[in-house]
$ cat coords_23.csv   # CSV, C-alpha atoms
chain,number,residue,atom,x,y,z
A,22,MET,CA,-50.5,-81.1,19.8
A,23,GLU,CA,-52.4,-78.6,22.0
A,24,ARG,CA,-49.4,-78.0,24.2
A,25,THR,CA,-47.1,-77.7,21.2
A,26,GLN,CA,-49.5,-75.1,19.7
A,27,GLN,CA,-49.5,-73.2,23.0
A,28,LEU,CA,-45.6,-73.2,23.1
A,29,THR,CA,-45.6,-71.9,19.5
A,30,ASN,CA,-47.9,-69.1,20.5
A,31,VAL,CA,-45.8,-68.2,23.5
A,32,GLN,CA,-42.7,-68.2,21.4
A,33,GLY,CA,-44.4,-65.9,18.8
A,34,GLN,CA,-45.4,-63.5,21.6
A,35,LEU,CA,-41.9,-63.5,23.0
A,36,GLN,CA,-40.5,-62.7,19.5
A,37,GLU,CA,-43.0,-59.9,19.1
A,38,LYS,CA,-41.9,-58.5,22.5
A,39,ASP,CA,-38.2,-58.7,21.5
A,40,GLU,CA,-39.0,-56.9,18.3
A,41,GLU,CA,-40.9,-54.2,20.2
A,42,ILE,CA,-38.0,-53.8,22.7
A,43,SER,CA,-35.6,-53.5,19.8
A,44,SER,CA,-37.7,-50.9,18.2
A,45,LEU,CA,-37.9,-48.9,21.4
A,46,GLU,CA,-34.2,-49.2,21.8
A,47,ARG,CA,-33.6,-47.8,18.3
A,48,GLN,CA,-36.0,-45.0,19.0
A,49,ARG,CA,-34.1,-44.2,22.2
A,50,ARG,CA,-30.8,-44.1,20.4
A,51,GLU,CA,-32.3,-41.9,17.7
A,52,LYS,CA,-33.7,-39.6,20.3
A,53,GLU,CA,-30.2,-39.3,21.9
A,54,ASN,CA,-28.6,-38.6,18.6
A,55,VAL,CA,-31.2,-35.9,17.9
A,56,ASN,CA,-30.6,-34.3,21.3
A,57,GLU,CA,-26.8,-34.3,20.6
A,58,LEU,CA,-27.5,-32.6,17.3
A,59,ASP,CA,-29.7,-30.1,19.0
A,60,ILE,CA,-27.0,-29.3,21.5
A,61,SER,CA,-24.4,-28.9,18.7
A,62,LEU,CA,-26.7,-26.8,16.6
A,63,SER,CA,-27.4,-24.5,19.6
A,64,ALA,CA,-23.6,-24.1,20.3
A,65,ILE,CA,-23.0,-23.2,16.6
A,66,GLN,CA,-25.9,-20.7,16.6
A,67,ARG,CA,-24.5,-19.1,19.8
A,68,VAL,CA,-21.1,-18.6,18.1
A,69,GLN,CA,-22.7,-17.2,14.9
A,70,SER,CA,-24.8,-14.8,16.9
A,71,GLU,CA,-21.6,-13.2,18.3
A,72,PRO,CA,-19.5,-12.6,15.2
A,73,SER,CA,-18.0,-9.3,16.3
A,74,ARG,CA,-16.6,-10.7,19.5
A,75,GLN,CA,-15.1,-13.7,17.7
A,76,LYS,CA,-13.6,-11.7,14.8
A,77,ALA,CA,-12.5,-8.4,16.3
A,78,PRO,CA,-8.7,-8.2,16.2
A,79,ASP,CA,-7.0,-7.5,19.5
A,80,TRP,CA,-5.5,-4.2,18.1
A,81,VAL,CA,-8.9,-2.6,18.0
A,82,ILE,CA,-9.4,0.3,20.5
A,83,SER,CA,-12.5,2.5,21.1
A,84,ARG,CA,-12.6,5.9,19.5
A,85,ASP,CA,-13.8,7.5,22.7
A,86,GLN,CA,-10.6,6.6,24.4
A,87,ILE,CA,-8.5,8.7,21.9
A,88,GLN,CA,-8.2,12.5,22.2
A,89,VAL,CA,-6.9,14.2,19.0
A,90,THR,CA,-5.5,17.7,19.2
A,91,ASP,CA,-5.2,20.2,16.4
A,92,GLU,CA,-1.4,20.0,16.3
A,93,ALA,CA,-0.4,18.3,13.1
A,94,LEU,CA,2.9,16.5,13.2
A,95,GLY,CA,3.1,15.7,9.5
A,96,THR,CA,1.2,14.8,6.3
A,97,GLY,CA,1.8,12.0,3.9
A,98,GLY,CA,0.1,10.3,1.0
A,99,TRP,CA,-2.2,8.3,3.3
A,100,GLY,CA,-3.2,10.8,5.9
A,101,THR,CA,-2.2,13.4,8.5
A,102,VAL,CA,-0.6,12.6,11.9
A,103,PHE,CA,-1.7,14.6,14.9
A,104,GLU,CA,-0.6,14.7,18.5
A,105,GLY,CA,-3.1,13.1,20.8
A,106,ARG,CA,-3.6,11.3,24.1
A,107,TYR,CA,-4.6,7.8,24.9
A,108,CYS,CA,-5.1,6.3,28.4
A,109,GLY,CA,-3.4,9.5,29.8
A,110,CYS,CA,-0.3,9.3,27.6
A,111,ALA,CA,0.9,11.4,24.7
A,112,VAL,CA,0.6,9.5,21.4
A,113,ALA,CA,0.7,10.1,17.7
A,114,VAL,CA,-2.7,9.6,15.9
A,115,LYS,CA,-2.7,9.0,12.2
A,116,GLN,CA,-6.0,9.9,10.3
A,117,LEU,CA,-6.7,8.9,6.7
A,118,HIS,CA,-7.4,11.7,4.2
A,119,GLU,CA,-11.2,11.8,3.7
A,120,ILE,CA,-10.7,12.0,0.0
A,121,ILE,CA,-9.5,8.4,-0.1
A,122,LEU,CA,-11.9,6.9,2.3
A,123,SER,CA,-13.1,4.2,-0.1
A,124,PRO,CA,-13.5,0.4,0.7
A,125,LEU,CA,-10.2,-0.3,-1.2
A,126,TYR,CA,-8.1,2.2,0.8
A,127,LYS,CA,-9.8,1.1,4.0
A,128,ARG,CA,-8.5,-2.4,3.2
A,129,PHE,CA,-5.1,-1.0,2.7
A,130,PHE,CA,-5.3,0.8,6.0
A,131,GLU,CA,-6.4,-2.4,7.8
A,132,ARG,CA,-3.5,-4.2,6.2
A,133,GLU,CA,-1.1,-1.6,7.6
A,134,MET,CA,-2.6,-2.2,11.0
A,135,ASP,CA,-2.3,-5.9,10.6
A,136,ILE,CA,1.4,-5.7,9.7
A,137,ALA,CA,2.1,-3.2,12.5
A,138,SER,CA,0.4,-5.5,15.1
A,139,ARG,CA,2.7,-8.4,14.1
A,140,CYS,CA,5.9,-6.4,14.6
A,141,ARG,CA,7.8,-6.0,17.9
A,142,HIS,CA,11.3,-4.5,17.9
A,143,PRO,CA,13.0,-1.7,19.7
A,144,CYS,CA,13.9,0.0,16.4
A,145,LEU,CA,10.4,-0.1,15.0
A,146,LEU,CA,7.7,2.5,15.9
A,147,GLN,CA,5.6,1.0,18.7
A,148,PHE,CA,2.0,0.3,17.5
A,149,THR,CA,-0.6,1.0,20.2
A,150,GLY,CA,-3.9,0.2,18.4
A,151,ALA,CA,-6.5,1.5,15.9
A,152,THR,CA,-10.2,2.1,15.6
A,153,ASN,CA,-12.3,-0.1,13.4
A,154,ASP,CA,-15.9,1.3,13.8
A,155,GLY,CA,-16.7,2.2,10.2
A,156,GLU,CA,-15.8,5.9,10.6
A,157,ASN,CA,-12.6,7.6,9.6
A,158,PRO,CA,-9.9,5.2,10.9
A,159,LEU,CA,-7.5,6.3,13.6
A,160,PHE,CA,-4.1,4.7,13.9
A,161,VAL,CA,-2.3,5.2,17.3
A,162,THR,CA,1.4,4.9,17.9
A,163,GLU,CA,4.0,6.1,20.3
A,164,LEU,CA,5.0,9.8,20.0
A,165,MET,CA,8.4,10.6,18.7
A,166,GLU,CA,10.4,13.8,18.7
A,167,THR,CA,11.5,14.5,15.1
A,168,SER,CA,12.8,12.8,11.9
A,169,PRO,CA,16.2,13.0,10.1
A,170,ARG,CA,14.5,15.1,7.4
A,171,ASN,CA,13.4,17.7,9.9
A,172,LEU,CA,16.7,17.6,11.8
A,173,LEU,CA,18.8,18.0,8.6
A,174,GLU,CA,16.8,21.2,7.9
A,175,GLU,CA,18.2,22.6,11.1
A,176,ARG,CA,21.8,21.4,11.0
A,177,PRO,CA,24.1,18.7,9.6
A,178,LEU,CA,24.4,15.4,11.5
A,179,SER,CA,27.7,14.5,13.1
A,180,ALA,CA,29.5,11.3,12.0
A,181,ILE,CA,28.5,9.6,15.3
A,182,GLU,CA,24.9,10.6,14.9
A,183,SER,CA,24.7,9.3,11.4
A,184,SER,CA,26.3,6.0,12.4
A,185,VAL,CA,23.9,5.4,15.4
A,186,ILE,CA,20.8,6.4,13.4
A,187,SER,CA,21.8,4.2,10.4
A,188,LEU,CA,22.6,1.3,12.7
A,189,ASP,CA,19.1,1.5,14.3
A,190,GLU,CA,17.5,1.7,10.8
A,191,SER,CA,19.5,-1.4,9.7
A,192,ARG,CA,18.4,-3.3,12.8
A,193,ALA,CA,14.8,-2.6,12.1
A,194,LEU,CA,15.1,-3.7,8.4
A,195,ASN,CA,17.0,-6.8,9.5
A,196,TYR,CA,14.1,-7.8,11.8
A,197,LEU,CA,11.5,-7.3,9.1
A,198,HIS,CA,13.4,-9.2,6.4
A,199,ASN,CA,14.1,-12.1,8.7
A,200,LYS,CA,10.7,-12.3,10.3
A,201,GLN,CA,9.7,-16.0,10.7
A,202,LEU,CA,7.1,-17.4,8.4
A,203,CYS,CA,6.2,-14.0,6.8
A,204,PRO,CA,9.3,-11.8,5.9
A,205,ILE,CA,8.2,-8.2,5.3
A,206,ILE,CA,9.5,-5.7,2.8
A,207,HIS,CA,8.9,-2.1,4.0
A,208,ARG,CA,9.1,-0.6,0.4
A,209,ASP,CA,9.1,3.0,1.5
A,210,ILE,CA,12.3,3.7,3.4
A,211,ASN,CA,13.1,7.5,3.3
A,212,SER,CA,14.1,10.3,5.7
A,213,ALA,CA,10.5,11.0,6.7
A,214,ASN,CA,9.6,7.5,7.6
A,215,VAL,CA,12.5,7.2,10.1
A,216,LEU,CA,11.6,8.9,13.4
A,217,LEU,CA,14.0,10.0,16.2
A,218,TRP,CA,14.1,10.1,20.0
A,219,GLN,CA,16.8,11.1,22.4
A,220,GLN,CA,18.6,8.7,24.7
A,221,ALA,CA,21.3,10.2,26.9
A,222,ASN,CA,21.7,13.2,24.5
A,223,GLN,CA,22.0,10.8,21.6
A,224,TRP,CA,19.5,10.6,18.8
A,225,ARG,CA,18.1,7.1,18.3
A,226,ALA,CA,16.0,6.0,15.3
A,227,LYS,CA,12.8,3.9,14.8
A,228,VAL,CA,11.4,2.9,11.4
A,229,SER,CA,7.7,3.8,10.9
A,230,ASP,CA,4.9,3.9,8.3
A,231,TYR,CA,3.9,0.5,6.9
A,232,GLY,CA,1.6,2.0,4.3
A,233,ALA,CA,3.6,0.6,1.4
A,234,ALA,CA,4.8,-2.5,3.3
A,235,ASN,CA,3.8,-6.0,2.1
A,236,PHE,CA,4.6,-9.5,3.0
A,237,LEU,CA,7.4,-10.9,0.9
A,238,ARG,CA,5.2,-13.7,-0.6
A,239,GLN,CA,2.4,-11.2,-1.4
A,240,VAL,CA,4.4,-8.4,-3.1
A,241,SER,CA,2.7,-7.6,-6.4
A,242,THR,CA,2.3,-3.9,-6.9
A,243,ALA,CA,4.9,-1.9,-8.8
A,244,CYS,CA,6.3,1.5,-7.9
A,245,PRO,CA,5.8,1.6,-4.2
A,246,GLY,CA,7.3,4.2,-1.9
A,247,THR,CA,9.1,7.5,-2.7
A,248,PRO,CA,10.6,7.6,-6.3
A,249,ILE,CA,13.9,9.2,-5.3
A,250,TYR,CA,14.7,6.4,-2.9
A,251,SER,CA,13.3,3.5,-5.1
A,252,ALA,CA,15.4,0.8,-6.6
A,253,PRO,CA,15.2,0.1,-10.3
A,254,GLU,CA,13.4,-3.2,-9.7
A,255,ALA,CA,10.7,-1.3,-7.8
A,256,LEU,CA,9.3,-0.5,-11.3
A,257,THR,CA,8.5,-4.3,-11.7
A,258,VAL,CA,6.6,-6.8,-9.6
A,259,ASN,CA,9.8,-8.8,-9.0
A,260,GLN,CA,10.7,-7.2,-5.7
A,261,THR,CA,12.9,-8.7,-2.9
A,262,VAL,CA,14.4,-7.4,0.3
A,263,LYS,CA,17.0,-5.7,-2.0
A,264,VAL,CA,14.4,-3.0,-2.6
A,265,ASP,CA,14.8,-1.9,1.0
A,266,VAL,CA,18.6,-2.3,0.9
A,267,TYR,CA,18.8,0.1,-2.1
A,268,SER,CA,16.5,2.6,-0.3
A,269,PHE,CA,18.6,2.3,2.9
A,270,GLY,CA,21.7,3.0,0.9
A,271,ALA,CA,20.2,6.1,-0.7
A,272,LEU,CA,19.1,7.3,2.7
A,273,LEU,CA,22.5,6.7,4.2

$ encode --input "coords_23.csv" --output "structure tokens"
Amino acid sequence: MERTQQLTNVQGQLQEKDEEISSLERQRREKENVNELDISLSAIQRVQSEPSRQKAPDWVISRDQIQVTDEALGTGGWGTVFEGRYCGCAVAVKQLHEIILSPLYKRFFEREMDIASRCRHPCLLQFTGATNDGENPLFVTELMETSPRNLLEERPLSAIESSVISLDESRALNYLHNKQLCPIIHRDINSANVLLWQQANQWRAKVSDYGAANFLRQVSTACPGTPIYSAPEALTVNQTVKVDVYSFGALL
């Protein structure tokens, strides 16, 4: 009986040891989980502490890299375009009118930059970049020579010039209208928003100014663009690529 009691006591001690070991093992696993959570939390905090680097679009350029001259190239409803220099090259710099520098119009300007940064085509005005530092925004593009509107004030276009310029315009619109995932309607095709450059003594055209442009699935505002070029359905919110086709026909 004495030995049986001793065996029972030893078994009880072993069970207590097993329970103690199990408790220590649980504590170890819990500590490992806490350490993993600490590591994950630290990583999240590092990401949150650097929001500007994570969210800054790749089209943003520094204002001190842009030199703007006093030579105005044109003025529109959104702003004035000046000749300037960027990275040693001549460029066009568009600056918003100060009178409309509100949060709403700044969002419109950022939308224009977003659309321009998504578009790549030889018949579209090349987008270089833009500032996004809270001051008066600057929008930088390649520098062109003139526009059909300015050229027509000097002389009439020949049949060949009209054909080549019109073909370039149609190529640009075809690219926008057939853009994968997000087709784009320009909504402001007119003789001032087509810019010209010379190639082997022949005028070539590029479509510019995405101020009124919108993604096809997001079109909601009525009466965009220049009235004399606008299609009848531009007075409604039911707008399709035919809005641009009508304007292109009026321009042609």

$ atom_distance --input "coords_23.csv" --atom1 "atom CA of A:Arg225" --atom2 "atom CA of A:Asp135"
25.4 Å

$ residues_around --input "coords_23.csv" --residues "A:Phe103" --least-positions-apart "4" --cutoff "6 Å" --atoms "only C-alpha atoms" --output "ChimeraX atom specification"
/A:92-94,113-114

$ atom_distance --input "coords_23.csv" --atom1 "atom CA of A:Ser187" --atom2 "atom CA of A:Tyr250"
15.2 Å

$ residues_around --input "coords_23.csv" --residues "stretch 153-161 of chain A" --least-positions-apart "4" --cutoff "10 Å" --atoms "only C-alpha atoms" --output "PyMOL selection string"
chain A and resi 77-78+80-84+87+89+100+102-107+112-119+122+127+130-131+133-134+147-149

$ closest_atom_pairs --input "coords_23.csv" --of "stretch 174-202 of chain A" --to "stretch 260-265 of chain A" --cutoff "10 Å" --atoms "all atoms listed in the file" --output "CSV"
residue,atom,partner,partner_atom,distance
A:Ser191,CA,A:Asp265,CA,9.9
A:Leu194,CA,A:Asp265,CA,7.6
A:Asn195,CA,A:Val262,CA,9.6
A:Leu197,CA,A:Val262,CA,9.3
A:His198,CA,A:Val262,CA,6.4
A:Asn199,CA,A:Val262,CA,9.6

$ closest_residue --input "coords_23.csv" --among "A:Cys144, A:Leu272, A:Ile186, A:Val31" --to "A:Ser212" --atoms "all atoms listed in the file"
A:Leu272

$ atom_distance --input "coords_23.csv" --atom1 "atom CA of A:Asn171" --atom2 "atom CA of A:Asn214"
11.1 Å

$ residues_around --input "coords_23.csv" --residues "A:Pro169" --least-positions-apart "2" --cutoff "8 Å" --atoms "only C-alpha atoms" --output "list in words"
Thr167, Asn171, Leu172, Leu173, Ser212, Ala213, Val215, Leu216 and Leu217 of chain A

$ closest_residue --input "coords_23.csv" --among "A:Ile210, A:Leu178, A:Ile42, A:Ile249" --to "A:Gln223" --atoms "only C-alpha atoms"
A:Leu178

$ residues_near_point --input "coords_23.csv" --point "(10.9, -3.6, 13.0)" --cutoff "6 Å" --atoms "all atoms listed in the file" --output "PyMOL selection string"
chain A and resi 140+142+144-145+193+196-197

$ write_last_selection --input "coords_23.csv" --atoms "C-alpha atoms" --output "tab-separated table (two decimals), in the coordinates of the input"
chain	number	residue	atom	x	y	z
A	140	CYS	CA	5.90	-6.40	14.60
A	142	HIS	CA	11.30	-4.50	17.90
A	144	CYS	CA	13.90	0.00	16.40
A	145	LEU	CA	10.40	-0.10	15.00
A	193	ALA	CA	14.80	-2.60	12.10
A	196	TYR	CA	14.10	-7.80	11.80
A	197	LEU	CA	11.50	-7.30	9.10

$ closest_residue --input "coords_23.csv" --among "A:Leu45, A:Thr25, A:Glu175, A:Gln88" --to "A:Gly109" --atoms "only C-alpha atoms"
A:Gln88

$ build_atoms --input "coords_23.csv" --residues "stretch 81-105 of chain A" --atoms "N, CA and C atoms" --output "tab-separated table (two decimals), keeping the file's coordinate frame"
chain	number	residue	atom	x	y	z
A	81	VAL	N	-7.86	-3.54	18.05
A	81	VAL	CA	-8.90	-2.60	18.00
A	81	VAL	C	-9.12	-1.85	19.30
A	82	ILE	N	-9.16	-0.51	19.26
A	82	ILE	CA	-9.40	0.30	20.50
A	82	ILE	C	-10.61	1.21	20.19
A	83	SER	N	-11.27	1.63	21.24
A	83	SER	CA	-12.50	2.50	21.10
A	83	SER	C	-12.10	3.90	20.79
A	84	ARG	N	-12.88	4.49	19.90
A	84	ARG	CA	-12.60	5.90	19.50
A	84	ARG	C	-12.74	6.86	20.64
A	85	ASP	N	-13.66	6.60	21.57
A	85	ASP	CA	-13.80	7.50	22.70
A	85	ASP	C	-12.70	7.54	23.68
A	86	GLN	N	-11.75	6.61	23.50
A	86	GLN	CA	-10.60	6.60	24.40
A	86	GLN	C	-9.42	7.44	23.81
A	87	ILE	N	-9.61	7.96	22.61
A	87	ILE	CA	-8.50	8.70	21.90
A	87	ILE	C	-8.93	10.19	21.88
A	88	GLN	N	-8.04	11.06	22.34
A	88	GLN	CA	-8.20	12.50	22.20
A	88	GLN	C	-7.24	13.03	21.18
A	89	VAL	N	-7.76	13.63	20.12
A	89	VAL	CA	-6.90	14.20	19.00
A	89	VAL	C	-6.86	15.67	19.14
A	90	THR	N	-5.66	16.24	19.14
A	90	THR	CA	-5.50	17.70	19.20
A	90	THR	C	-5.45	18.25	17.77
A	91	ASP	N	-5.34	19.56	17.67
A	91	ASP	CA	-5.20	20.20	16.40
A	91	ASP	C	-3.80	20.34	15.88
A	92	GLU	N	-2.85	19.87	16.67
A	92	GLU	CA	-1.40	20.00	16.30
A	92	GLU	C	-1.02	18.90	15.35
A	93	ALA	N	-0.84	19.27	14.08
A	93	ALA	CA	-0.40	18.30	13.10
A	93	ALA	C	1.07	18.09	13.12
A	94	LEU	N	1.48	16.84	13.11
A	94	LEU	CA	2.90	16.50	13.20
A	94	LEU	C	3.48	16.23	11.78
A	95	GLY	N	2.63	15.95	10.81
A	95	GLY	CA	3.10	15.70	9.50
A	95	GLY	C	1.97	15.17	8.59
A	96	THR	N	2.16	15.28	7.29
A	96	THR	CA	1.20	14.80	6.30
A	96	THR	C	1.84	14.00	5.25
A	97	GLY	N	1.21	12.88	4.90
A	97	GLY	CA	1.80	12.00	3.90
A	97	GLY	C	0.69	11.64	2.86
A	98	GLY	N	1.01	10.65	2.02
A	98	GLY	CA	0.10	10.30	1.00
A	98	GLY	C	-1.16	9.58	1.52
A	99	TRP	N	-1.06	8.97	2.71
A	99	TRP	CA	-2.20	8.30	3.30
A	99	TRP	C	-3.03	9.08	4.22
A	100	GLY	N	-2.39	10.01	4.94
A	100	GLY	CA	-3.20	10.80	5.90
A	100	GLY	C	-2.29	11.76	6.66
A	101	THR	N	-2.88	12.35	7.69
A	101	THR	CA	-2.20	13.40	8.50
A	101	THR	C	-2.03	12.80	9.92
A	102	VAL	N	-0.87	13.08	10.51
A	102	VAL	CA	-0.60	12.60	11.90
A	102	VAL	C	-0.73	13.79	12.83
A	103	PHE	N	-1.51	13.58	13.88
A	103	PHE	CA	-1.70	14.60	14.90
A	103	PHE	C	-1.21	14.12	16.24
A	104	GLU	N	-0.90	15.07	17.08
A	104	GLU	CA	-0.60	14.70	18.50
A	104	GLU	C	-1.89	14.46	19.20
A	105	GLY	N	-1.90	13.47	20.08
A	105	GLY	CA	-3.10	13.10	20.80
A	105	GLY	C	-2.78	12.51	22.15
